[in-house]
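Note: the block below is protein05.csv and it holds CSV, C-alpha atoms and all ligand atoms.
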chain,number,residue,atom,x,y,z
S,27,MET,CA,101.8,135.5,113.4
S,28,SER,CA,99.3,132.6,113.0
S,29,LEU,CA,100.0,129.1,111.8
S,30,TYR,CA,98.5,130.0,108.5
S,31,ASP,CA,101.5,132.2,107.8
S,32,ASP,CA,103.7,129.1,107.7
S,33,ILE,CA,101.7,127.6,104.9
S,34,ILE,CA,103.2,128.1,101.4
S,35,GLY,CA,100.6,129.4,99.0
S,36,GLN,CA,96.8,128.6,99.1
S,37,LYS,CA,96.0,132.0,100.6
S,38,ARG,CA,92.7,132.3,98.8
S,39,GLN,CA,91.5,128.9,100.3
S,40,ILE,CA,92.6,130.0,103.8
S,41,GLU,CA,90.7,133.3,103.4
S,42,GLN,CA,87.6,131.5,102.4
S,43,LEU,CA,87.7,129.2,105.4
S,44,GLU,CA,88.5,132.0,107.7
S,45,ARG,CA,85.6,134.0,106.5
S,46,ALA,CA,83.3,131.1,107.1
S,47,ARG,CA,84.7,130.5,110.6
S,48,ARG,CA,84.5,134.1,111.6
S,49,GLY,CA,81.0,134.5,110.1
S,50,GLY,CA,79.8,131.3,111.9
S,51,ARG,CA,79.2,129.6,108.6
S,52,VAL,CA,81.5,126.6,108.9
S,53,ALA,CA,80.3,123.7,106.7
S,54,HIS,CA,79.7,120.3,108.2
S,55,ALA,CA,81.8,118.7,105.5
S,56,TYR,CA,84.5,119.9,103.2
S,57,LEU,CA,86.2,118.3,100.3
S,58,PHE,CA,89.8,119.6,99.8
S,59,PHE,CA,90.9,118.3,96.5
S,60,GLY,CA,93.9,119.0,94.3
S,61,PRO,CA,97.3,117.5,93.3
S,62,ALA,CA,99.5,115.9,96.0
S,63,GLY,CA,101.9,118.1,97.9
S,64,VAL,CA,100.2,121.5,97.5
S,65,GLY,CA,99.2,122.0,101.2
S,66,LYS,CA,95.7,120.5,101.5
S,67,GLU,CA,96.4,118.6,104.7
S,68,ARG,CA,98.3,121.5,106.2
S,69,VAL,CA,95.4,123.8,105.6
S,70,ALA,CA,93.0,121.2,107.0
S,71,LEU,CA,94.9,120.8,110.2
S,72,ALA,CA,95.5,124.5,110.6
S,73,PHE,CA,91.7,125.0,110.2
S,74,ALA,CA,91.0,122.3,112.8
S,75,LYS,CA,93.3,124.2,115.1
S,76,ALA,CA,91.7,127.6,114.3
S,77,LEU,CA,88.2,126.1,115.1
S,78,ASN,CA,89.4,125.2,118.6
S,79,CYS,CA,92.1,127.8,119.3
S,80,GLU,CA,92.0,129.7,122.5
S,81,SER,CA,93.4,132.9,120.9
S,82,GLU,CA,90.7,135.3,119.7
S,83,GLU,CA,92.6,137.3,117.1
S,84,ASN,CA,95.5,135.1,116.3
S,85,ALA,CA,93.9,131.7,115.6
S,86,PRO,CA,95.4,129.3,114.9
S,87,CYS,CA,98.1,130.4,117.3
S,88,GLY,CA,100.0,127.1,117.5
S,89,GLU,CA,100.8,127.8,121.1
S,90,CYS,CA,97.7,127.4,123.2
S,91,GLN,CA,96.8,124.1,124.9
S,92,SER,CA,94.3,123.2,122.2
S,93,CYS,CA,96.7,123.9,119.3
S,94,GLU,CA,99.4,121.9,121.1
S,95,LYS,CA,97.2,118.9,121.7
S,96,ILE,CA,96.1,118.8,118.0
S,97,LYS,CA,99.7,119.0,117.0
S,98,LYS,CA,100.6,116.1,119.2
S,99,ARG,CA,97.5,114.2,118.0
S,100,VAL,CA,96.1,113.9,121.5
S,101,HIS,CA,93.2,116.3,121.2
S,102,PRO,CA,90.1,114.2,122.0
S,103,ASP,CA,87.9,116.2,119.6
S,104,VAL,CA,90.2,116.2,116.6
S,105,ARG,CA,90.9,113.0,114.7
S,106,LEU,CA,93.1,112.2,111.8
S,107,VAL,CA,92.0,109.3,109.8
S,108,ALA,CA,94.3,107.6,107.3
S,109,SER,CA,95.1,104.1,106.1
S,110,GLU,CA,97.3,102.0,108.4
S,111,GLN,CA,100.0,102.0,105.8
S,112,GLU,CA,100.0,105.8,105.8
S,113,LEU,CA,100.0,106.0,109.6
S,114,LEU,CA,102.8,103.6,109.7
S,115,ASP,CA,104.8,105.6,107.2
S,116,ARG,CA,104.4,108.6,109.3
S,117,GLY,CA,105.4,106.8,112.5
S,118,LEU,CA,102.0,107.4,114.1
S,119,ILE,CA,101.4,103.7,114.7
S,120,GLU,CA,103.8,100.8,115.5
S,121,PRO,CA,104.1,97.9,113.0
S,122,GLU,CA,102.4,94.7,114.1
S,123,LYS,CA,104.3,91.5,113.7
S,124,GLY,CA,103.0,89.3,110.9
S,125,VAL,CA,100.2,91.7,110.0
S,126,ARG,CA,100.3,93.5,106.7
S,127,PRO,CA,99.1,97.1,107.2
S,128,SER,CA,96.0,97.9,105.2
S,129,ALA,CA,96.4,100.3,102.3
S,130,GLN,CA,92.8,101.2,102.6
S,131,ILE,CA,90.9,103.1,105.2
S,132,LYS,CA,89.0,100.4,107.1
S,133,ASN,CA,85.4,100.3,108.2
S,134,ALA,CA,86.5,99.8,111.8
S,135,GLN,CA,88.3,103.2,111.7
S,136,LEU,CA,85.1,104.9,110.6
S,137,GLN,CA,83.1,103.1,113.2
S,138,GLU,CA,85.2,104.8,115.9
S,139,LEU,CA,84.1,108.1,114.5
S,140,SER,CA,80.5,107.5,115.0
S,141,ASP,CA,81.2,107.4,118.8
S,142,LEU,CA,82.9,110.8,118.5
S,143,PHE,CA,79.9,112.3,116.7
S,144,ARG,CA,77.5,111.1,119.4
S,145,HIS,CA,79.0,113.3,122.1
S,146,ARG,CA,79.5,116.9,122.5
S,147,PRO,CA,83.1,118.1,122.2
S,148,TYR,CA,85.1,117.2,125.4
S,149,LEU,CA,87.6,119.9,125.4
S,150,GLY,CA,87.2,122.3,122.5
S,151,ARG,CA,84.3,123.9,120.6
S,152,TRP,CA,84.5,121.8,117.5
S,153,LYS,CA,84.8,118.1,116.7
S,154,VAL,CA,86.9,117.9,113.6
S,155,VAL,CA,87.8,114.8,111.5
S,156,VAL,CA,90.4,115.1,108.8
S,157,VAL,CA,90.4,112.1,106.4
S,158,ILE,CA,93.7,111.8,104.6
S,159,ASP,CA,93.4,110.3,101.1
S,160,ALA,CA,89.7,109.9,101.4
S,161,ASP,CA,89.7,108.1,98.1
S,162,LEU,CA,91.2,105.1,100.0
S,163,MET,CA,87.7,104.4,101.4
S,164,ASN,CA,86.0,101.7,99.3
S,165,ALA,CA,82.4,102.1,98.2
S,166,ASN,CA,81.2,100.2,101.2
S,167,SER,CA,83.1,102.4,103.6
S,168,GLN,CA,81.9,105.5,101.7
S,169,ASN,CA,78.3,104.5,102.1
S,170,ARG,CA,78.8,104.1,105.8
S,171,PHE,CA,80.5,107.4,106.0
S,172,LEU,CA,77.6,108.9,104.1
S,173,LYS,CA,75.4,108.3,107.1
S,174,THR,CA,77.7,110.5,109.2
S,175,LEU,CA,77.4,113.2,106.6
S,176,GLU,CA,73.7,112.9,106.5
S,177,GLU,CA,73.2,113.4,110.2
S,178,PRO,CA,75.7,116.1,111.0
S,179,SER,CA,75.9,117.4,114.6
S,180,ALA,CA,76.0,121.2,114.9
S,181,ASP,CA,79.5,121.3,116.4
S,182,SER,CA,81.3,119.0,114.0
S,183,ALA,CA,83.3,119.4,110.8
S,184,ILE,CA,84.6,116.7,108.5
S,185,ILE,CA,87.4,117.5,106.0
S,186,LEU,CA,88.0,115.0,103.3
S,187,VAL,CA,91.4,115.4,101.7
S,188,THR,CA,92.1,113.8,98.4
S,189,ALA,CA,94.1,114.1,95.1
S,190,HIS,CA,91.5,111.9,93.5
S,191,PRO,CA,88.0,113.3,94.1
S,192,GLU,CA,86.7,111.2,91.1
S,193,ALA,CA,87.2,108.1,93.2
S,194,LEU,CA,84.6,109.3,95.7
S,195,LEU,CA,80.9,108.5,95.3
S,196,PRO,CA,78.9,111.4,93.8
S,197,THR,CA,76.6,111.2,96.8
S,198,VAL,CA,79.6,111.8,99.1
S,199,ARG,CA,81.0,114.6,97.0
S,200,SER,CA,77.6,116.4,96.8
S,201,ARG,CA,77.3,116.6,100.5
S,202,CYS,CA,80.6,118.3,100.9
S,203,GLN,CA,81.6,121.9,100.2
S,204,ALA,CA,84.4,121.5,97.7
S,205,LEU,CA,87.5,123.6,97.9
S,206,ALA,CA,90.0,123.2,95.0
S,207,PHE,CA,93.7,123.5,95.7
S,208,GLY,CA,95.8,124.3,92.7
S,209,PRO,CA,99.5,123.7,92.0
S,210,LEU,CA,101.8,126.2,93.6
S,211,SER,CA,103.8,128.7,91.5
S,212,THR,CA,107.3,127.9,90.4
S,213,ASP,CA,108.5,130.9,92.4
S,214,LEU,CA,107.1,129.6,95.7
S,215,VAL,CA,108.4,126.1,95.1
S,216,SER,CA,111.8,127.4,94.1
S,217,GLU,CA,111.9,129.5,97.3
S,218,PHE,CA,111.0,126.4,99.3
S,219,LEU,CA,113.8,124.4,97.7
S,220,LYS,CA,116.4,127.2,98.4
S,221,GLN,CA,115.4,127.3,102.0
S,222,GLU,CA,114.7,123.7,102.8
S,223,HIS,CA,117.4,122.1,100.7
S,224,ALA,CA,120.0,124.9,100.5
S,225,LEU,CA,120.0,124.8,96.7
S,226,ASP,CA,121.5,127.5,94.5
S,227,GLU,CA,119.2,129.6,92.3
S,228,GLU,CA,119.7,127.8,89.1
S,229,ARG,CA,119.3,124.3,90.4
S,230,ALA,CA,116.3,125.4,92.6
S,231,ARG,CA,114.6,126.8,89.5
S,232,VAL,CA,115.2,123.7,87.4
S,233,LEU,CA,113.9,121.4,90.1
S,234,ALA,CA,111.0,123.7,91.0
S,235,ALA,CA,109.8,123.6,87.4
S,236,MET,CA,110.1,119.8,87.4
S,237,ALA,CA,108.0,119.6,90.6
S,238,GLN,CA,105.1,121.2,88.7
S,239,GLY,CA,103.7,123.0,91.7
S,240,SER,CA,104.0,120.2,94.3
S,241,LEU,CA,106.1,120.6,97.4
S,242,GLN,CA,106.0,116.9,98.0
S,243,ARG,CA,107.4,116.2,94.6
S,244,ALA,CA,109.9,119.0,95.0
S,245,ASP,CA,111.1,117.4,98.2
S,246,ALA,CA,111.4,114.0,96.6
S,247,ILE,CA,113.2,115.5,93.6
S,248,ALA,CA,115.6,117.4,95.7
S,249,LYS,CA,116.5,114.3,97.7
S,250,GLY,CA,117.0,112.1,94.6
S,251,ASP,CA,119.1,112.4,91.5
S,252,VAL,CA,116.4,113.7,89.2
S,253,LEU,CA,118.8,115.5,86.8
S,254,GLU,CA,120.8,112.3,86.3
S,255,GLU,CA,117.5,110.4,85.9
S,256,ARG,CA,116.4,112.8,83.3
S,257,ASP,CA,119.6,112.4,81.4
S,258,GLY,CA,119.1,108.6,81.4
S,259,LEU,CA,115.5,109.0,80.3
S,260,VAL,CA,116.3,111.4,77.5
S,261,ALA,CA,119.0,109.2,76.2
S,262,GLY,CA,116.7,106.2,76.2
S,263,PHE,CA,114.0,108.3,74.6
S,264,SER,CA,116.3,109.3,71.7
S,265,ARG,CA,117.2,105.7,71.2
S,266,ALA,CA,113.6,104.6,71.2
S,267,LEU,CA,112.7,107.3,68.6
S,268,GLY,CA,115.5,106.5,66.2
S,269,GLY,CA,116.3,102.9,66.9
S,270,ASP,CA,114.4,99.6,66.5
S,271,LEU,CA,111.5,98.1,68.3
S,272,ALA,CA,113.7,96.5,71.0
S,273,ASP,CA,114.7,100.0,72.1
S,274,VAL,CA,111.1,101.0,72.6
S,275,LEU,CA,110.3,97.9,74.5
S,276,ALA,CA,113.4,98.3,76.7
S,277,LEU,CA,112.5,101.9,77.6
S,278,ALA,CA,108.9,101.0,78.4
S,279,GLU,CA,110.1,98.1,80.5
S,280,GLU,CA,112.5,100.2,82.4
S,281,TYR,CA,110.0,102.9,83.4
S,282,SER,CA,107.0,100.9,84.2
S,283,LYS,CA,107.9,99.2,87.4
S,284,GLY,CA,105.2,101.1,89.2
S,285,ARG,CA,102.5,103.6,88.3
S,286,ASP,CA,104.4,106.4,90.2
S,287,GLN,CA,107.6,105.7,88.4
S,288,ALA,CA,105.8,105.7,85.0
S,289,GLN,CA,104.1,109.0,86.0
S,290,ASP,CA,107.4,110.6,87.0
S,291,ALA,CA,109.0,109.6,83.8
S,292,LEU,CA,106.2,111.0,81.8
S,293,ASN,CA,106.4,114.3,83.7
S,294,LEU,CA,110.1,114.6,82.9
S,295,LEU,CA,109.4,113.6,79.3
S,296,GLU,CA,106.6,116.2,78.9
S,297,ILE,CA,108.8,118.9,80.3
S,298,TRP,CA,111.6,117.9,78.0
S,299,CYS,CA,109.3,118.0,75.0
S,300,ARG,CA,107.9,121.3,76.0
S,301,ASP,CA,111.4,122.7,76.2
S,302,LEU,CA,112.0,121.4,72.7
S,303,LEU,CA,108.8,123.1,71.5
S,304,PHE,CA,109.7,126.4,73.2
S,305,CYS,CA,113.1,126.2,71.6
S,306,LYS,CA,111.6,125.5,68.2
S,307,LEU,CA,109.2,128.5,68.6
S,308,GLY,CA,112.1,130.8,69.5
S,309,VAL,CA,110.9,131.4,73.1
S,310,SER,CA,113.6,133.0,75.3
S,311,ALA,CA,116.0,130.4,76.6
S,312,LYS,CA,115.4,131.7,80.1
S,313,LEU,CA,112.0,130.1,80.0
S,314,LEU,CA,113.3,126.6,79.5
S,315,VAL,CA,113.1,124.2,82.5
S,316,ASN,CA,116.2,122.2,81.5
S,317,GLN,CA,118.5,125.2,81.8
S,318,ASP,CA,121.5,123.0,82.3
S,319,ARG,CA,120.9,121.2,79.0
S,320,ARG,CA,120.2,124.2,76.8
S,321,GLU,CA,122.5,123.1,74.0
S,322,MET,CA,121.1,119.6,73.9
S,323,VAL,CA,117.6,120.9,73.8
S,324,ALA,CA,118.5,123.2,70.8
S,325,ASP,CA,120.2,120.3,69.0
S,326,GLN,CA,117.2,118.0,69.4
S,327,ALA,CA,114.6,120.6,68.6
S,328,ALA,CA,116.2,121.2,65.2
S,329,GLY,CA,115.3,117.6,64.2
S,330,PHE,CA,111.5,117.9,64.7
S,331,SER,CA,108.6,120.1,63.5
S,332,SER,CA,106.7,122.1,66.1
S,333,ARG,CA,103.6,120.3,65.0
S,334,ARG,CA,105.1,117.0,65.8
S,335,LEU,CA,106.3,118.2,69.2
S,336,LEU,CA,102.9,119.5,70.0
S,337,ALA,CA,101.3,116.2,69.2
S,338,TRP,CA,103.9,114.4,71.4
S,339,ILE,CA,103.1,116.6,74.4
S,340,GLU,CA,99.4,116.0,73.8
S,341,SER,CA,99.8,112.2,73.8
S,342,ILE,CA,102.1,112.2,76.8
S,343,ARG,CA,99.4,114.0,78.7
S,344,ARG,CA,96.7,111.7,77.6
S,345,THR,CA,98.8,108.7,78.5
S,346,ARG,CA,99.5,110.1,82.0
S,347,ASP,CA,95.9,110.9,82.6
S,348,GLY,CA,94.9,107.4,81.5
S,349,PHE,CA,97.0,105.8,84.3
S,350,TRP,CA,94.2,106.1,86.7
S,351,VAL,CA,91.9,104.0,84.5
S,352,ASN,CA,94.5,102.0,82.6
S,353,ALA,CA,95.7,99.0,84.6
S,354,ASN,CA,99.0,98.5,82.7
S,355,PRO,CA,101.6,101.3,82.7
S,356,LYS,CA,104.0,99.2,80.5
S,357,MET,CA,101.5,98.8,77.7
S,358,ALA,CA,100.5,102.4,77.9
S,359,LEU,CA,104.2,103.5,77.6
S,360,GLU,CA,104.8,101.1,74.7
S,361,SER,CA,101.9,102.4,72.7
S,362,LEU,CA,102.8,106.0,73.5
S,363,LEU,CA,106.4,105.5,72.3
S,364,LEU,CA,105.3,103.7,69.2
S,365,GLY,CA,102.9,106.5,68.4
S,366,MET,CA,105.6,109.1,68.9
S,367,ARG,CA,107.8,107.3,66.3
S,368,THR,CA,105.1,107.5,63.7
S,369,TYR,CA,103.9,111.1,63.9
U,401,ZN,ZN,95.8,128.2,119.6
Would you put the structure from the file into structure tokens?
Amino acid sequence: MSLYDDIIGQKRQIEQLERARRGGRVAHAYLFFGPAGVGKERVALAFAKALNCESEENAPCGECQSCEKIKKRVHPDVRLVASEQELLDRGLIEPEKGVRPSAQIKNAQLQELSDLFRHRPYLGRWKVVVVIDADLMNANSQNRFLKTLEEPSADSAIILVTAHPEALLPTVRSRCQALAFGPLSTDLVSEFLKQEHALDEERARVLAAMAQGSLQRADAIAKGDVLEERDGLVAGFSRALGGDLADVLALAEEYSKGRDQAQDALNLLEIWCRDLLFCKLGVSAKLLVNQDRREMVADQAAGFSSRRLLAWIESIRRTRDGFWVNANPKMALESLLLGMRTY
């Protein structure tokens, strides 16, 4: 058993990294990108362990001194870089009185790395830097970082982890070997929910489908009252479709308190509309996500054409993708809902 066996999914990416490691072809810089909560960081840390593991055939073993030190974040050659806010959220640093933690990765943090790269590894064979949410480096920091990427030392590997590779400078991206991490299958997520949250089969499947391939989202969903939230959203949505303008504005207002909230709401809405479409097309009820609301789905689906439902799903997706460039979730939701009323 190696630590890789504990990672859910992403076997192809792990194999690719392992082939490079065993073949002596480890890249100086990697870009692990893909949606949040699919295992990018876990794979990055396991790979850092594998590069320095004392076990020949079982790396990363998770048990040797090197693996232990990396796990405890005390290995001198392996660094985890993240914003202060992130480090604080994980309990890796103490809050400082009167100082607001930075949501960005600071230049000073990157400065420390250049020292690391100047020396040979102290303990292990490889110096490894894992940058969590690398998109939190601003352009200035990225330019500094570029220097490190341009002058790699033979025994160092940098792994940039991000859900938003588009926020990185093309010059940074082009110097990294990119590795895409896709969403996990509903089966894997459902298994995870059953084991970690002791859910029964039906609930696990509903929540897994809602999590859309992300363990992080599945975790959050399992802890919250997502089914109740969905019911509230669907009720508000029905009002907004059939009622007057005030209902539209109220719904947009309610779900636009933050970008994440708006995004979550759109995810739920997309899944709901997809179920309506499936129902309309006569797809087996077993394939619906909202299993627990089958009758309601059938009722609503009867009122709309499949063409209209398809157009809705398209526009929900477009709105959600636009959140990263659109500064105002409330306006985006309003115009989405107004559009849905007319076609
Ligand atoms: Zn080990």
- Message: With 6 Å as the threshold, what does the neighbourhood of (98.7, 105.4, 76.5) contain in terms of residues, counting only C-alpha atoms? Coordinates are those of the file; answer as a PyMOL selection string.
- Response: chain S and resi 345+358-359+361-362
File of the preceding selection, C-alpha atoms, as a CSV table (one decimal), keeping the file's coordinate frame:
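Here's the written file selection_29.csv:
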chain,number,residue,atom,x,y,z
S,345,THR,CA,98.8,108.7,78.5
S,358,ALA,CA,100.5,102.4,77.9
S,359,LEU,CA,104.2,103.5,77.6
S,361,SER,CA,101.9,102.4,72.7
S,362,LEU,CA,102.8,106.0,73.5
Rows by chain and residue number, chain S within 10 Å of ligand ZN 401 (chain U), shortest pair, all atoms listed in the file, as JSON lines:
{"residue": "S:Ser28", "atom": "CA", "partner": "U:ZN401", "partner_atom": "ZN", "distance": 8.7}
{"residue": "S:Leu29", "atom": "CA", "partner": "U:ZN401", "partner_atom": "ZN", "distance": 8.9}
{"residue": "S:Ala72", "atom": "CA", "partner": "U:ZN401", "partner_atom": "ZN", "distance": 9.7}
{"residue": "S:Lys75", "atom": "CA", "partner": "U:ZN401", "partner_atom": "ZN", "distance": 6.5}
{"residue": "S:Ala76", "atom": "CA", "partner": "U:ZN401", "partner_atom": "ZN", "distance": 6.7}
{"residue": "S:Leu77", "atom": "CA", "partner": "U:ZN401", "partner_atom": "ZN", "distance": 9.1}
{"residue": "S:Asn78", "atom": "CA", "partner": "U:ZN401", "partner_atom": "ZN", "distance": 7.1}
{"residue": "S:Cys79", "atom": "CA", "partner": "U:ZN401", "partner_atom": "ZN", "distance": 3.7}
{"residue": "S:Glu80", "atom": "CA", "partner": "U:ZN401", "partner_atom": "ZN", "distance": 5.0}
{"residue": "S:Ser81", "atom": "CA", "partner": "U:ZN401", "partner_atom": "ZN", "distance": 5.4}
{"residue": "S:Glu82", "atom": "CA", "partner": "U:ZN401", "partner_atom": "ZN", "distance": 8.7}
{"residue": "S:Glu83", "atom": "CA", "partner": "U:ZN401", "partner_atom": "ZN", "distance": 10.0}
{"residue": "S:Asn84", "atom": "CA", "partner": "U:ZN401", "partner_atom": "ZN", "distance": 7.7}
{"residue": "S:Ala85", "atom": "CA", "partner": "U:ZN401", "partner_atom": "ZN", "distance": 5.6}
{"residue": "S:Pro86", "atom": "CA", "partner": "U:ZN401", "partner_atom": "ZN", "distance": 4.8}
{"residue": "S:Cys87", "atom": "CA", "partner": "U:ZN401", "partner_atom": "ZN", "distance": 3.9}
{"residue": "S:Gly88", "atom": "CA", "partner": "U:ZN401", "partner_atom": "ZN", "distance": 4.8}
{"residue": "S:Glu89", "atom": "CA", "partner": "U:ZN401", "partner_atom": "ZN", "distance": 5.2}
{"residue": "S:Cys90", "atom": "CA", "partner": "U:ZN401", "partner_atom": "ZN", "distance": 4.1}
{"residue": "S:Gln91", "atom": "CA", "partner": "U:ZN401", "partner_atom": "ZN", "distance": 6.8}
{"residue": "S:Ser92", "atom": "CA", "partner": "U:ZN401", "partner_atom": "ZN", "distance": 5.8}
{"residue": "S:Cys93", "atom": "CA", "partner": "U:ZN401", "partner_atom": "ZN", "distance": 4.4}
{"residue": "S:Glu94", "atom": "CA", "partner": "U:ZN401", "partner_atom": "ZN", "distance": 7.4}
{"residue": "S:Lys95", "atom": "CA", "partner": "U:ZN401", "partner_atom": "ZN", "distance": 9.6}
{"residue": "S:Ile96", "atom": "CA", "partner": "U:ZN401", "partner_atom": "ZN", "distance": 9.5}
- Task: Tell me, in Å to one decimal, how far CA of Lys66 (chain S) is from CA of Thr188 (chain S).
- Result: 8.2 Å
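Of the residues listed (S:Ile247, S:Val125, S:Phe207, S:Asp161), S:Val125 shows the shortest atom-to-atom separation from Gln111 (chain S); distances use all atoms listed in the file.
CA of Ala134 (chain S) lies 29.0 Å from CA of Ala206 (chain S).
Among the candidates S:Asn133, S:Ser179, S:Ser167, S:Gln238, the one nearest to Arg146 (chain S) when counting all atoms listed in the file is S:Ser179.
Restricting the calculation to all atoms listed in the file, the smallest distance between Arg256 (chain S) and any of S:Asn316, S:Thr174, S:Ser341, S:Gln36 is found for S:Asn316.
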- S:Ala189, S:Leu259, S:Ala248, S:Leu225: which is nearest Ala291 (chain S), counting all atoms listed in the file? S:Leu259
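Across the model, the gap from CA of Thr197 (chain S) to CA of Asn166 (chain S) is 12.7 Å.
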If we count only C-alpha atoms and set the cut-off at 12 Å, which residues sit around Leu363 (chain S), ignoring sequence neighbours fewer than 4 positions away in its own chain? Please answer as a short mmCIF file (atom, residue, chain, number, x, y, z; two decimals) with C-alpha atoms, in the coordinates of the input.
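Result file follows (around02.cif):
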data_model
loop_
_atom_site.label_atom_id
_atom_site.label_comp_id
_atom_site.auth_asym_id
_atom_site.auth_seq_id
_atom_site.Cartn_x
_atom_site.Cartn_y
_atom_site.Cartn_z
CA GLY S 262 116.70 106.20 76.20
CA PHE S 263 114.00 108.30 74.60
CA SER S 264 116.30 109.30 71.70
CA ARG S 265 117.20 105.70 71.20
CA ALA S 266 113.60 104.60 71.20
CA LEU S 267 112.70 107.30 68.60
CA GLY S 268 115.50 106.50 66.20
CA GLY S 269 116.30 102.90 66.90
CA ASP S 270 114.40 99.60 66.50
CA LEU S 271 111.50 98.10 68.30
CA ALA S 272 113.70 96.50 71.00
CA ASP S 273 114.70 100.00 72.10
CA VAL S 274 111.10 101.00 72.60
CA LEU S 275 110.30 97.90 74.50
CA ALA S 276 113.40 98.30 76.70
CA LEU S 277 112.50 101.90 77.60
CA ALA S 278 108.90 101.00 78.40
CA GLU S 279 110.10 98.10 80.50
CA TYR S 281 110.00 102.90 83.40
CA LEU S 292 106.20 111.00 81.80
CA LEU S 295 109.40 113.60 79.30
CA TRP S 338 103.90 114.40 71.40
CA ILE S 339 103.10 116.60 74.40
CA SER S 341 99.80 112.20 73.80
CA ILE S 342 102.10 112.20 76.80
CA THR S 345 98.80 108.70 78.50
CA LYS S 356 104.00 99.20 80.50
CA MET S 357 101.50 98.80 77.70
CA ALA S 358 100.50 102.40 77.90
CA LEU S 359 104.20 103.50 77.60
CA ARG S 367 107.80 107.30 66.30
CA THR S 368 105.10 107.50 63.70
CA TYR S 369 103.90 111.10 63.90
#
Please provide as a PDB file with C-alpha atoms, in the coordinates of the input all residues within 10 Å of Leu253 (chain S), with the sequence filter that same-chain residues fewer than 6 positions apart are discarded (counting only C-alpha atoms).
ATOM      1  CA  ARG S 229     119.300 124.300  90.400  1.00  0.00           C
ATOM      2  CA  VAL S 232     115.200 123.700  87.400  1.00  0.00           C
ATOM      3  CA  LEU S 233     113.900 121.400  90.100  1.00  0.00           C
ATOM      4  CA  MET S 236     110.100 119.800  87.400  1.00  0.00           C
ATOM      5  CA  ILE S 247     113.200 115.500  93.600  1.00  0.00           C
ATOM      6  CA  LEU S 259     115.500 109.000  80.300  1.00  0.00           C
ATOM      7  CA  LEU S 294     110.100 114.600  82.900  1.00  0.00           C
ATOM      8  CA  ASN S 316     116.200 122.200  81.500  1.00  0.00           C
ATOM      9  CA  ASP S 318     121.500 123.000  82.300  1.00  0.00           C
ATOM     10  CA  ARG S 319     120.900 121.200  79.000  1.00  0.00           C
TER      11      ARG S 319
END
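Considering only C-alpha atoms, the residue among S:Ser211, S:Glu120, S:Arg151, S:Leu106 positioned nearest to Leu136 (chain S) is S:Leu106.
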- For Val198 (chain S), the closest of S:Val155, S:Leu57, S:Val351, S:Ile297 counting only C-alpha atoms is S:Leu57
Pro191 (chain S) surroundings by only C-alpha atoms, 9 Å radius, close-in-sequence under 4 positions cut, as a PDB file with C-alpha atoms, in the coordinates of the input:
ATOM      1  CA  LEU S  57      86.200 118.300 100.300  1.00  0.00           C
ATOM      2  CA  PHE S  58      89.800 119.600  99.800  1.00  0.00           C
ATOM      3  CA  PHE S  59      90.900 118.300  96.500  1.00  0.00           C
ATOM      4  CA  GLY S  60      93.900 119.000  94.300  1.00  0.00           C
ATOM      5  CA  ALA S 160      89.700 109.900 101.400  1.00  0.00           C
ATOM      6  CA  ASP S 161      89.700 108.100  98.100  1.00  0.00           C
ATOM      7  CA  VAL S 187      91.400 115.400 101.700  1.00  0.00           C
ATOM      8  CA  LEU S 195      80.900 108.500  95.300  1.00  0.00           C
ATOM      9  CA  ARG S 199      81.000 114.600  97.000  1.00  0.00           C
TER      10      ARG S 199
END
